[in-house]
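One structure is given here, and the rest of the page talks about it.
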Amino acid sequence: MLNTPVVPTEPAVSLAPPPVAMRRAEGAKEGNPEDRVDVAILGGGINGTGVARDFALRGLKVALFERNDLAFGASGNSSGMIHGGVRYLSQSPRVTETSCRDSGYIQHIAPHLLFRIPFLMPLRDGAKARIALELVDAYFRAYDDYQPLKRGEPHCRLDASDLAQLEPGLVGGLVGGVTFDEWGVDGVRLCVHNAVDAIEHGSRVFVHTTVEAIARAPSPDDPYRYVVSGRDRLRGHAEEVRARVVVNATGAWSPITAALGGLPQARVRVRPGKGIHVVLDRRITNYGILSEAIDGRQVFLEPWQNVSVLGTTDDDYYGDLDDVRATSEEVRYLVQGVARTLPGVRLARAIGTYAGVRPTLYEYGRNEDALSRDHRVVDHGADGAPGLYSMIGGKLASYRLFAQELCDHVAPSDLGNNVACSTHTRALPGGERMPDAGELGSRFAITPVAARRLVYRHGERALRVLERTARCANERDTVCPCEPVLEAEVRYVLREELARTVADVARRTRLGLGACGGMRCAARCGQIVAAELDLAPSAARAMALEFLDQQARSRVVALGPEQARQEALLAAHVRSSLGDAS
Amino acid sequence: MKESPAGATRHVIVIGSGVAGTAAGVAAATIAPSVIVLAGGTGASSLATGAIDHAFWQDHHPAAHGNALSERAKAVLNALGGYAVPATGCTVVTLGGLVRRADGRDASLLDVARLNGDGVAVVECNRPGWNASELAFSWGKGYRALEAGLLRHTDESLLPDVDLAARHDDASRLGWLAERLREALARTEARWGGIVLPPILGLERACADALSERVGLPCGEAVGSPGGPAGLRFERARDRALSSAGVVKVAGRASTVEAHGETWRVIAEDGQVLDAYAVVVATGGLIGGGMEYAPSEAILATALPSHVSPPIRLTLKAPLMLGARGRPLDTPGSLFGFAPESLARPFSRDALVETVGALAQTPDAGVPVGGSPPGLFAAGDIVADTPRTWLGALAQGAQAGTSAAHVALSRAETASGAKAAPVSAIPL
């Protein structure tokens with residue numbers, strides 16, 4: 001039996017007006033049976049899509065609303081590590097254990113999305129350095145106990161010459177260090193796979209659709225207790241479903257969502273913690289490298305797919321959640337922190353940054369790093385809204401477990417469904433089997449690199465993408481040469497994975513996120529999006545320009561000498577061929 | 001350091017062989033006999049896409065087209081050949097899906113404003129980035145896809161534009177292409193006004209006109225991406241123009257320009273030393289490498305930088321003052337340099353990196369002139385507060401070359417007195 005942390009149902013003390021969710025949706029139409037679902041889920045991040053899949057696999061009917069795009073927030077902007085939470089070992093070993101266990105399950109259900117990241121943790125020589133090394137060694141010995149849960153190797157203790165041999169770019173004056181083993185995953189793909197699997201099990205997913213109201217059904221006897229109304233933000237039309245249960249999985253947006261249902265925000269309060277990453281144009285080490293920032297926080301460099309990623313910060317965030325961006329100050333803090341251990345990082349070319357906001361459990365008066373990374377289900381029955389739940393907190397690595405905890409509680413109690421959870425035994429779409437990339441490449445006449453990247457993102461479904469090229473040879477064209485991304489994949493994610501803008505395609509395929517900053521692909525991608533979604537040519541260009549502009553904003557904060565030249569070239573190109581909206 | 005032989009003081013040395021440097025060299029050579037262009041690679045000019053403008057085209061007032069070219073700039077354009085700058089401007093189509101105005105064009109680009117007929121054929125061609133029906137849709141009414149087999153060999157669907165363009169330098173291959181287009185036209189009923197092709201029409205020189213003649217209908221390229229054939233055609237045209245103007249092109253990158261008595265001395269990175277009465281610095285901006293973004297923090301591994309410095313610097317040592325918006329560039333109040341948000345698009349519309357350059361001492365002339373001795377000029381992207389455009393660089397280069405040649409001639413006369421005029425340019 002899982003240790004389900006459902007919050008006790010004490011009524012919250014609130015002076016707020018009666019919850020809107022208590023009011024009847026007046027004049028609401030009966031609607032057609034299609035619009036009746038067992039569960040309405042708000043939020044298309046890893047928690048929302050994870051829980052959608054879980055309910056769907058139990059045979060329940062689900063509708064999911066996402067205000068922006070799948071994985072738009074923290075889920076798509078994390079370091080991508082499904083790590084065991086070694087950082088939390090002393091604070092909350094339960095988080096470490098559940099993270100490790102679920103990291104193992106993710107490896108099982110999405111083997112194609114994985115890549116191993118062995119880390120080095122070097123220690124500087126100095127007073128008490130030997131003792132520090134002993135302590136670190138002992139700490140990781142304790143972590144070794146959890147490693148088998150996620151196919152991790154036990155740690156190794158290294159001396160200074162071992163370190164110099166493994167990563168010659170490390171700074172001198174080290175006393176030694178340890179290795180430890182972690183795995184990385186593409187967080188966006190993980191969300192998309194979960195959403196697609198939910199759809200294939202009968203769910204409906206509305207992206208770019210913001211929920212405007214959560215109200216009670218007109219009839220008190222209606223088992224479909226809630227009316228959830230949303231609006232498509234790109235096209236403006238309304239969407240409405242009736243649901244027996246509503247799950248708020250909107251991460252950092254949770255208090256905003258709760259307010260729509262008239263619930264006391266204090267019950268779902270999070271402490272938004274902004275984290276940024278800096279992306280370098282290539283892999284510059286074989287190992288992930290830990291380092292110490294100026295304030296003593298741990299920061300890292302991580303080889304991630306075909307780039308390197310520096311991470312991460314954790315700062316209280318007060319800004320707009322739909323527009324989270326790294327600042328040059330955060331970038332300087334990170335680069336300085338990593339350069340202390342790996343000076344060469346300053347010579348590398350930063351091609352972008354990304355930022356997200358963690359929905360950390362709320363607590364006042366503590367340092368950001370000291371906050372718990374645990375998760376919690378809030379039952380709003382105590383707030384007079386039975387069948388309404390919020391998912392607060394959580395981590396990428398333990399998303400599946402979090403979803404299971406919620407469903408194990410809600411499915412029997414609210415929906416009379418006793419089907420057991422199967423999200424850890426059934427493969428995600430594409431995860432059933434790993435096709436041989438070399439063989440696919442030669443069969444479909446595409447380059448081995450393109451084939452390998454495609455298999456990474458789509459697993460067995462790379463075959464479905466490539467079958468498009470057999471029907472239409474033009475789709476073998478490389479739209480984004482940096483990654484590379486084929487036209488067939490762009491069309492596939494538009495048709496099968498709910499992408500609706502150039503930025504959505506980029507999120508799913510990494511198109512335009514490489515060294516050229518979208519210069520060579522944004523316009524073409526816009527044309528394909530317009531063709532697939534039947535939009536006007538001007539919309540295609542506007543979309544491409546908007547993407548280029550957003551990307552430029554994320555890059556300029558990390559501007560270095562080489563990238564400055566690229567920016568000038570890109571600006572000249574955009575002016576010449578796309579028109580300059582700004 | 002190799003000293004030049006005594007008496008080998010040239011009239012004019014142009015540093016840089018992009019559009020501005022070429023214009024300066026060609027213009028100077030019409031006045032002064034001894035002109036050298038020091039060529040260290042071509043930056044932004046090689047990356048140009050063939051649509052050429054004075055100002056950023058979106059800022060155009062409709063009436064501002066054409067006629068802005070000075071006579072000497074027109075002369076340079078004629079010497080280059082392969083460009084059309086009609087008084088009324090022209091209209092081109094881009095792979096970004098846009099139909100746009102331009103002040104002029106590389107002669108291989110199709111000017112769709114001058115077509116008659118029922119429509120413009122967009123040739124279907126299985127090449128990356130080229131989807132005829134989607135481009136036709138994007139360009140709008142009148143554009144329609146036309147089926148025609150342009151590719152002769154299997155490798156050609158993946159060949160870069162420049163390589164395929166080079167194949168059309170061959171007259172018989174161009175004839176083969178014309179044949180395919182004529183066949184394609186014969187299969188349709190429509191009365192076409194012209195044919196748009198991918199940017200593949202020639203590398204040595206624009207071959208659109210030759211193709212049009214053989215097909216019997218105006219044919220030309222769409223505007224492609226930087227790094228396409230239009231940029232390389234410029235390099236070929238430049239080499240021909242410099243050579244026929246009697247300008248000597250010397251390979252090398254300048255590291256220093258300094259006053260040397262009454263003349264100017266240019267020292268190249270490989271140690272070559274060149275002296276002249278006048279120098280035109282046309283080393284480009286950020287793209288070409290005449291300037292670079294050099295924040296203090298780039299050296300900041302463990303220690304603090306020893307001093308604050310302006311975030312942009314010249315890559316060669318020269319007595320030119322960097323600035324923007326008419327004011328000298330200052331140091332920031334931070335050891336880390338300016339916040340890049342304040343330097344670059346899209347946070348700032350007239351971002352520093354777009355405007356910074358050598359400040360003009362005589363702003364009216366549009367060409368900055370160095371201090372003592374006279375005879376130091378700058379042109380092109382390295383000049384502050386001018387839009388970094390192709391025709392802008394051409395005009396500035398032509399003016400700088402002309403002024404430099406005049407200064408050089410008069411100073412050579414003063415310096416030599418009764419002595420012989422400077423030697424003709426000799427290759428080093």
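Note on naming: chains are A, B, ... as they come in the structure tokens, residues start from 1 per chain, ligands start from 1 in the order shown.
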**Report entry** Residues flagged strand (DSSP E) by DSSP in range 29-163 of chain A, as a PyMOL selection string
**Finding:** chain A and resi 36-42+62-65+114-124+156-159
Closest pair table for chain A residues within 8 Å of chain B, only C-alpha atoms, as JSON lines:
{"residue": "A:Ser328", "atom": "CA", "partner": "B:Ala339", "partner_atom": "CA", "distance": 6.3}
{"residue": "A:Glu329", "atom": "CA", "partner": "B:Ala339", "partner_atom": "CA", "distance": 7.8}
{"residue": "A:Gln336", "atom": "CA", "partner": "B:Ala301", "partner_atom": "CA", "distance": 7.0}
{"residue": "A:Ala339", "atom": "CA", "partner": "B:Ala301", "partner_atom": "CA", "distance": 5.7}
{"residue": "A:Arg340", "atom": "CA", "partner": "B:Thr302", "partner_atom": "CA", "distance": 6.0}
{"residue": "A:Pro343", "atom": "CA", "partner": "B:Ala301", "partner_atom": "CA", "distance": 5.5}
{"residue": "A:Arg346", "atom": "CA", "partner": "B:Ala298", "partner_atom": "CA", "distance": 6.2}
{"residue": "A:Leu347", "atom": "CA", "partner": "B:Ala298", "partner_atom": "CA", "distance": 7.4}
{"residue": "A:Asn474", "atom": "CA", "partner": "B:Asn126", "partner_atom": "CA", "distance": 6.1}
{"residue": "A:Asp477", "atom": "CA", "partner": "B:Pro128", "partner_atom": "CA", "distance": 5.0}
{"residue": "A:Thr478", "atom": "CA", "partner": "B:Pro128", "partner_atom": "CA", "distance": 6.0}
{"residue": "A:Val479", "atom": "CA", "partner": "B:Gly129", "partner_atom": "CA", "distance": 6.5}
{"residue": "A:Arg520", "atom": "CA", "partner": "B:Ser225", "partner_atom": "CA", "distance": 7.2}
{"residue": "A:Ala523", "atom": "CA", "partner": "B:Gly96", "partner_atom": "CA", "distance": 5.1}
{"residue": "A:Arg524", "atom": "CA", "partner": "B:Gly129", "partner_atom": "CA", "distance": 6.3}
{"residue": "A:Gln527", "atom": "CA", "partner": "B:Glu134", "partner_atom": "CA", "distance": 6.8}
{"residue": "A:Ile528", "atom": "CA", "partner": "B:Glu134", "partner_atom": "CA", "distance": 8.0}
{"residue": "A:Ala531", "atom": "CA", "partner": "B:Glu134", "partner_atom": "CA", "distance": 7.2}
{"residue": "A:Ala536", "atom": "CA", "partner": "B:Ser138", "partner_atom": "CA", "distance": 7.8}
{"residue": "A:Pro537", "atom": "CA", "partner": "B:Ser138", "partner_atom": "CA", "distance": 4.8}
{"residue": "A:Ser538", "atom": "CA", "partner": "B:Ser138", "partner_atom": "CA", "distance": 7.6}
{"residue": "A:Arg541", "atom": "CA", "partner": "B:Gly97", "partner_atom": "CA", "distance": 7.4}
{"residue": "A:Asp549", "atom": "CA", "partner": "B:Pro346", "partner_atom": "CA", "distance": 6.6}
{"residue": "A:Ala552", "atom": "CA", "partner": "B:Pro346", "partner_atom": "CA", "distance": 6.6}
{"residue": "A:Arg553", "atom": "CA", "partner": "B:Pro346", "partner_atom": "CA", "distance": 6.2}
{"residue": "A:Val556", "atom": "CA", "partner": "B:Pro340", "partner_atom": "CA", "distance": 6.2}
{"residue": "A:Val557", "atom": "CA", "partner": "B:Pro340", "partner_atom": "CA", "distance": 5.6}
{"residue": "A:Ala558", "atom": "CA", "partner": "B:Pro340", "partner_atom": "CA", "distance": 7.4}
{"residue": "A:Leu559", "atom": "CA", "partner": "B:Pro340", "partner_atom": "CA", "distance": 6.3}
{"residue": "A:Gly560", "atom": "CA", "partner": "B:Tyr293", "partner_atom": "CA", "distance": 7.1}
{"residue": "A:Pro561", "atom": "CA", "partner": "B:Tyr293", "partner_atom": "CA", "distance": 4.8}
{"residue": "A:Glu562", "atom": "CA", "partner": "B:Tyr293", "partner_atom": "CA", "distance": 8.0}
{"residue": "A:Ala564", "atom": "CA", "partner": "B:Tyr293", "partner_atom": "CA", "distance": 6.4}
{"residue": "A:Arg565", "atom": "CA", "partner": "B:Ile287", "partner_atom": "CA", "distance": 5.0}
{"residue": "A:Gln566", "atom": "CA", "partner": "B:Ile287", "partner_atom": "CA", "distance": 7.3}
{"residue": "A:Ala568", "atom": "CA", "partner": "B:Ile287", "partner_atom": "CA", "distance": 6.1}
{"residue": "A:Leu569", "atom": "CA", "partner": "B:Ile287", "partner_atom": "CA", "distance": 6.0}
{"residue": "A:His573", "atom": "CA", "partner": "B:Pro226", "partner_atom": "CA", "distance": 6.4}
{"residue": "A:Arg575", "atom": "CA", "partner": "B:Phe56", "partner_atom": "CA", "distance": 7.3}
{"residue": "A:Ser576", "atom": "CA", "partner": "B:Ala51", "partner_atom": "CA", "distance": 7.2}
{"residue": "A:Ser577", "atom": "CA", "partner": "B:Gly96", "partner_atom": "CA", "distance": 5.2}
{"residue": "A:Leu578", "atom": "CA", "partner": "B:Gly96", "partner_atom": "CA", "distance": 5.0}
{"residue": "A:Gly579", "atom": "CA", "partner": "B:Gln58", "partner_atom": "CA", "distance": 7.0}
{"residue": "A:Asp580", "atom": "CA", "partner": "B:Gln58", "partner_atom": "CA", "distance": 7.1}
{"residue": "A:Ser582", "atom": "CA", "partner": "B:Arg349", "partner_atom": "CA", "distance": 7.4}
Save out the residues we just selected, N, CA and C atoms, as a compact mmCIF listing (two decimals), in the first residue's frame.
# COMPACT_ATOMS: atom_id res chain seq x y z
N SER A 328 20.02 38.03 -17.64
CA SER A 328 21.47 37.94 -17.79
C SER A 328 22.14 37.77 -16.42
N GLU A 329 21.52 38.27 -15.37
CA GLU A 329 22.12 38.11 -14.04
C GLU A 329 22.12 36.65 -13.61
N GLN A 336 29.38 31.60 -13.84
CA GLN A 336 30.45 31.79 -12.86
C GLN A 336 30.60 30.54 -11.98
N ALA A 339 32.04 27.68 -14.09
CA ALA A 339 33.41 27.97 -14.55
C ALA A 339 34.42 27.80 -13.43
N ARG A 340 33.98 27.85 -12.21
CA ARG A 340 34.90 27.69 -11.10
C ARG A 340 35.51 26.28 -11.12
N PRO A 343 36.68 25.77 -16.17
CA PRO A 343 36.86 27.13 -16.72
C PRO A 343 36.51 27.24 -18.19
N ARG A 346 33.44 29.00 -20.25
CA ARG A 346 33.34 30.39 -20.71
C ARG A 346 33.64 30.53 -22.19
N LEU A 347 34.39 29.59 -22.72
CA LEU A 347 34.76 29.68 -24.14
C LEU A 347 33.68 29.06 -25.02
N ASN A 474 8.81 14.35 -50.79
CA ASN A 474 9.15 15.69 -50.33
C ASN A 474 9.32 15.76 -48.82
N ASP A 477 12.61 15.89 -46.82
CA ASP A 477 13.41 17.12 -46.69
C ASP A 477 13.75 17.41 -45.25
N THR A 478 14.95 17.92 -45.05
CA THR A 478 15.34 18.36 -43.73
C THR A 478 14.85 19.79 -43.53
N VAL A 479 13.95 19.98 -42.59
CA VAL A 479 13.46 21.35 -42.34
C VAL A 479 14.44 22.09 -41.45
N ARG A 520 17.30 28.97 -40.17
CA ARG A 520 17.15 28.18 -41.39
C ARG A 520 15.84 27.40 -41.45
N ALA A 523 10.83 29.84 -40.92
CA ALA A 523 9.91 30.25 -41.98
C ALA A 523 9.27 29.02 -42.63
N ARG A 524 10.12 28.05 -42.94
CA ARG A 524 9.61 26.83 -43.58
C ARG A 524 8.65 26.09 -42.64
N GLN A 527 5.32 27.68 -42.72
CA GLN A 527 4.55 27.31 -43.92
C GLN A 527 3.89 25.95 -43.75
N ILE A 528 4.64 25.02 -43.14
CA ILE A 528 4.07 23.68 -42.96
C ILE A 528 2.91 23.72 -41.96
N ALA A 531 -0.02 25.12 -43.68
CA ALA A 531 -0.61 24.18 -44.63
C ALA A 531 -1.41 23.10 -43.90
N ALA A 536 -3.74 31.20 -42.92
CA ALA A 536 -3.30 32.11 -43.98
C ALA A 536 -1.78 32.23 -43.98
N PRO A 537 -1.18 32.54 -45.15
CA PRO A 537 0.27 32.71 -45.22
C PRO A 537 0.78 33.76 -44.23
N SER A 538 0.00 34.80 -44.01
CA SER A 538 0.46 35.85 -43.10
C SER A 538 0.55 35.28 -41.68
N ARG A 541 3.86 33.43 -41.34
CA ARG A 541 5.02 34.31 -41.13
C ARG A 541 5.00 34.90 -39.73
N ASP A 549 11.53 35.66 -32.41
CA ASP A 549 11.64 36.73 -31.43
C ASP A 549 11.75 36.15 -30.01
N ALA A 552 15.14 34.65 -29.61
CA ALA A 552 16.17 35.68 -29.49
C ALA A 552 16.19 36.22 -28.07
N ARG A 553 15.01 36.43 -27.49
CA ARG A 553 14.96 36.92 -26.12
C ARG A 553 15.61 35.92 -25.16
N VAL A 556 19.70 36.19 -26.01
CA VAL A 556 20.47 37.41 -25.82
C VAL A 556 20.96 37.55 -24.38
N VAL A 557 20.20 37.04 -23.42
CA VAL A 557 20.62 37.16 -22.02
C VAL A 557 21.91 36.39 -21.75
N ALA A 558 22.27 35.49 -22.63
CA ALA A 558 23.51 34.73 -22.45
C ALA A 558 24.51 35.09 -23.54
N LEU A 559 24.37 36.30 -24.09
CA LEU A 559 25.15 36.68 -25.27
C LEU A 559 26.65 36.63 -25.04
N GLY A 560 27.34 35.92 -25.92
CA GLY A 560 28.79 35.89 -25.91
C GLY A 560 29.30 36.36 -27.25
N PRO A 561 30.63 36.48 -27.41
CA PRO A 561 31.20 37.04 -28.64
C PRO A 561 30.76 36.31 -29.91
N GLU A 562 30.80 34.98 -29.89
CA GLU A 562 30.45 34.23 -31.10
C GLU A 562 28.96 34.38 -31.40
N ALA A 564 27.06 36.75 -30.61
CA ALA A 564 26.71 38.11 -31.04
C ALA A 564 26.78 38.20 -32.57
N ARG A 565 27.77 37.55 -33.16
CA ARG A 565 27.87 37.55 -34.63
C ARG A 565 26.68 36.82 -35.23
N GLN A 566 26.33 35.69 -34.62
CA GLN A 566 25.20 34.92 -35.12
C GLN A 566 23.90 35.75 -35.04
N ALA A 568 23.63 38.98 -35.22
CA ALA A 568 23.65 40.01 -36.26
C ALA A 568 23.26 39.39 -37.60
N LEU A 569 23.78 38.20 -37.86
CA LEU A 569 23.47 37.52 -39.12
C LEU A 569 21.99 37.16 -39.18
N HIS A 573 19.20 38.25 -41.86
CA HIS A 573 18.45 37.27 -42.64
C HIS A 573 16.95 37.48 -42.50
N ARG A 575 15.41 40.16 -41.78
CA ARG A 575 15.03 41.37 -42.51
C ARG A 575 14.91 41.08 -44.00
N SER A 576 15.84 40.27 -44.49
CA SER A 576 15.88 40.05 -45.92
C SER A 576 14.72 39.17 -46.39
N SER A 577 14.38 38.15 -45.60
CA SER A 577 13.50 37.17 -46.18
C SER A 577 12.12 37.06 -45.52
N LEU A 578 12.01 37.48 -44.28
CA LEU A 578 10.73 37.31 -43.58
C LEU A 578 10.01 38.63 -43.32
N GLY A 579 10.73 39.72 -43.36
CA GLY A 579 10.16 40.97 -42.90
C GLY A 579 10.40 41.06 -41.41
N ASP A 580 10.48 42.27 -40.91
CA ASP A 580 10.86 42.46 -39.53
C ASP A 580 9.68 43.09 -38.81
N SER A 582 9.28 43.70 -35.65
CA SER A 582 9.54 44.57 -34.50
C SER A 582 9.97 45.96 -34.94
Query - Counting only C-alpha atoms, the option among A:Ala326, A:Ile214, A:Val529, A:Ala397 closest to Cys100 in chain A - result: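 Among A:Ala326, A:Ile214, A:Val529, A:Ala397, it is A:Ala397 that comes nearest to Cys100 in chain A.
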Query raised in the report: Near Ala23 in chain B, counting only C-alpha atoms, which residues have an atom at most 8 Å away, once you skip same-chain residues fewer than 5 positions from it, shown as a PyMOL selection string?
Result: chain B and resi 73+76+394-395+397-398+401
Those same residues, written as a PDB file, in the first residue's frame with C-alpha atoms?
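That gives us result.pdb:
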ATOM      1  CA  ALA B  73      28.279  54.542 -56.844  1.00  0.00           C
ATOM      2  CA  VAL B  76      31.018  50.951 -59.222  1.00  0.00           C
ATOM      3  CA  LEU B 394      28.319  50.502 -51.777  1.00  0.00           C
ATOM      4  CA  ALA B 395      27.577  54.232 -51.599  1.00  0.00           C
ATOM      5  CA  GLY B 397      32.624  52.740 -50.129  1.00  0.00           C
ATOM      6  CA  ALA B 398      32.466  54.652 -53.397  1.00  0.00           C
ATOM      7  CA  GLY B 401      37.437  55.555 -52.104  1.00  0.00           C
TER       8      GLY B 401
END
Query raised in the report: Near range 84-99 of chain A, within 9 Å and counting only C-alpha atoms, which residues show up once chain neighbours fewer than 2 positions away are dropped, as a VMD selection string?
Result: chain A and resid 81 to 82 101 to 104 139 to 140 142 to 143 146 to 147 149 to 150 182 to 183 370 372 to 374 395 to 399 401
Write the residues you've just listed into a file as a compact mmCIF listing (two decimals), in the first residue's frame, and include N, CA and C atoms for each of them.
# COMPACT_ATOMS: atom_id res chain seq x y z
N MET A 81 16.65 15.62 -15.92
CA MET A 81 17.17 14.47 -15.18
C MET A 81 16.03 13.80 -14.45
N ILE A 82 15.94 12.50 -14.61
CA ILE A 82 15.01 11.78 -13.74
C ILE A 82 15.88 11.20 -12.64
N ARG A 101 12.80 4.84 -7.40
CA ARG A 101 11.93 3.76 -7.83
C ARG A 101 11.22 4.15 -9.12
N ASP A 102 10.71 5.38 -9.14
CA ASP A 102 9.95 5.76 -10.33
C ASP A 102 10.82 6.07 -11.52
N SER A 103 12.05 6.50 -11.24
CA SER A 103 13.00 6.65 -12.33
C SER A 103 13.17 5.30 -13.03
N GLY A 104 13.19 4.24 -12.24
CA GLY A 104 13.29 2.89 -12.82
C GLY A 104 12.08 2.56 -13.67
N TYR A 139 28.30 9.61 2.03
CA TYR A 139 26.96 10.05 1.60
C TYR A 139 26.52 9.25 0.38
N PHE A 140 27.45 9.16 -0.58
CA PHE A 140 27.09 8.44 -1.81
C PHE A 140 27.03 6.94 -1.60
N ALA A 142 25.57 5.74 0.91
CA ALA A 142 24.17 5.61 1.30
C ALA A 142 23.26 5.67 0.07
N TYR A 143 23.60 6.54 -0.88
CA TYR A 143 22.80 6.69 -2.11
C TYR A 143 22.88 5.42 -2.95
N TYR A 146 20.08 2.99 -3.21
CA TYR A 146 18.90 3.25 -4.02
C TYR A 146 19.17 3.04 -5.51
N GLN A 147 20.45 3.00 -5.89
CA GLN A 147 20.80 2.96 -7.31
C GLN A 147 20.19 1.78 -8.07
N LEU A 149 17.41 0.55 -7.95
CA LEU A 149 16.03 0.84 -8.30
C LEU A 149 15.93 1.49 -9.67
N LYS A 150 17.02 2.15 -10.11
CA LYS A 150 16.95 2.87 -11.39
C LYS A 150 18.13 2.51 -12.29
N GLU A 182 23.29 8.97 -13.10
CA GLU A 182 21.92 9.44 -13.24
C GLU A 182 21.45 9.21 -14.67
N TRP A 183 20.17 9.39 -14.90
CA TRP A 183 19.59 9.27 -16.23
C TRP A 183 18.86 10.54 -16.59
N ALA A 370 15.90 24.89 0.79
CA ALA A 370 15.53 24.08 1.94
C ALA A 370 14.07 23.61 1.85
N SER A 372 10.77 21.58 0.71
CA SER A 372 10.56 20.17 0.39
C SER A 372 10.18 20.02 -1.09
N ARG A 373 10.68 18.95 -1.70
CA ARG A 373 10.31 18.64 -3.07
C ARG A 373 9.23 17.58 -3.10
N ASP A 374 8.59 17.37 -1.99
CA ASP A 374 7.55 16.35 -1.91
C ASP A 374 6.31 16.82 -2.67
N LYS A 395 7.89 16.20 -8.66
CA LYS A 395 9.12 16.25 -9.47
C LYS A 395 8.92 15.43 -10.72
N LEU A 396 9.67 15.77 -11.76
CA LEU A 396 9.59 15.01 -13.01
C LEU A 396 9.78 13.52 -12.75
N ALA A 397 10.79 13.18 -11.93
CA ALA A 397 11.16 11.77 -11.75
C ALA A 397 10.05 10.98 -11.07
N SER A 398 9.20 11.62 -10.27
CA SER A 398 8.19 10.84 -9.55
C SER A 398 6.78 11.17 -10.02
N TYR A 399 6.65 11.69 -11.25
CA TYR A 399 5.33 12.09 -11.73
C TYR A 399 4.36 10.92 -11.77
N LEU A 401 4.29 8.15 -10.07
CA LEU A 401 3.87 7.73 -8.74
C LEU A 401 2.82 8.70 -8.19
**Report entry** Residues near range 80-83 of chain B, cut-off 6 Å, only C-alpha atoms, skip fewer than 4 positions along chain, as a list in words
**Finding:**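 The residues that qualify are Arg105, Asp106, Ala107, Ala237 and Ala241 of chain B.
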Requested in this report: Find the spatial neighbours of range 109-115 of chain B, counting only C-alpha atoms, within a cut-off of 9 Å - ignore same-chain residues fewer than 5 positions away - and output them as a list of chain:residue names.
Outcome: B:Gly50, B:Ala51, B:Cys90, B:Thr91, B:Val92, B:Val93, B:Val99, B:Val120, B:Trp192, B:Gly193, B:Gly194, B:Ile195, B:Val196, B:Leu197, B:Pro199, B:Leu201, B:Ala206, B:Ala208, B:Pro218, B:Cys219, B:Gly220, B:Glu221, B:Ala222, B:Val223, B:Ala230
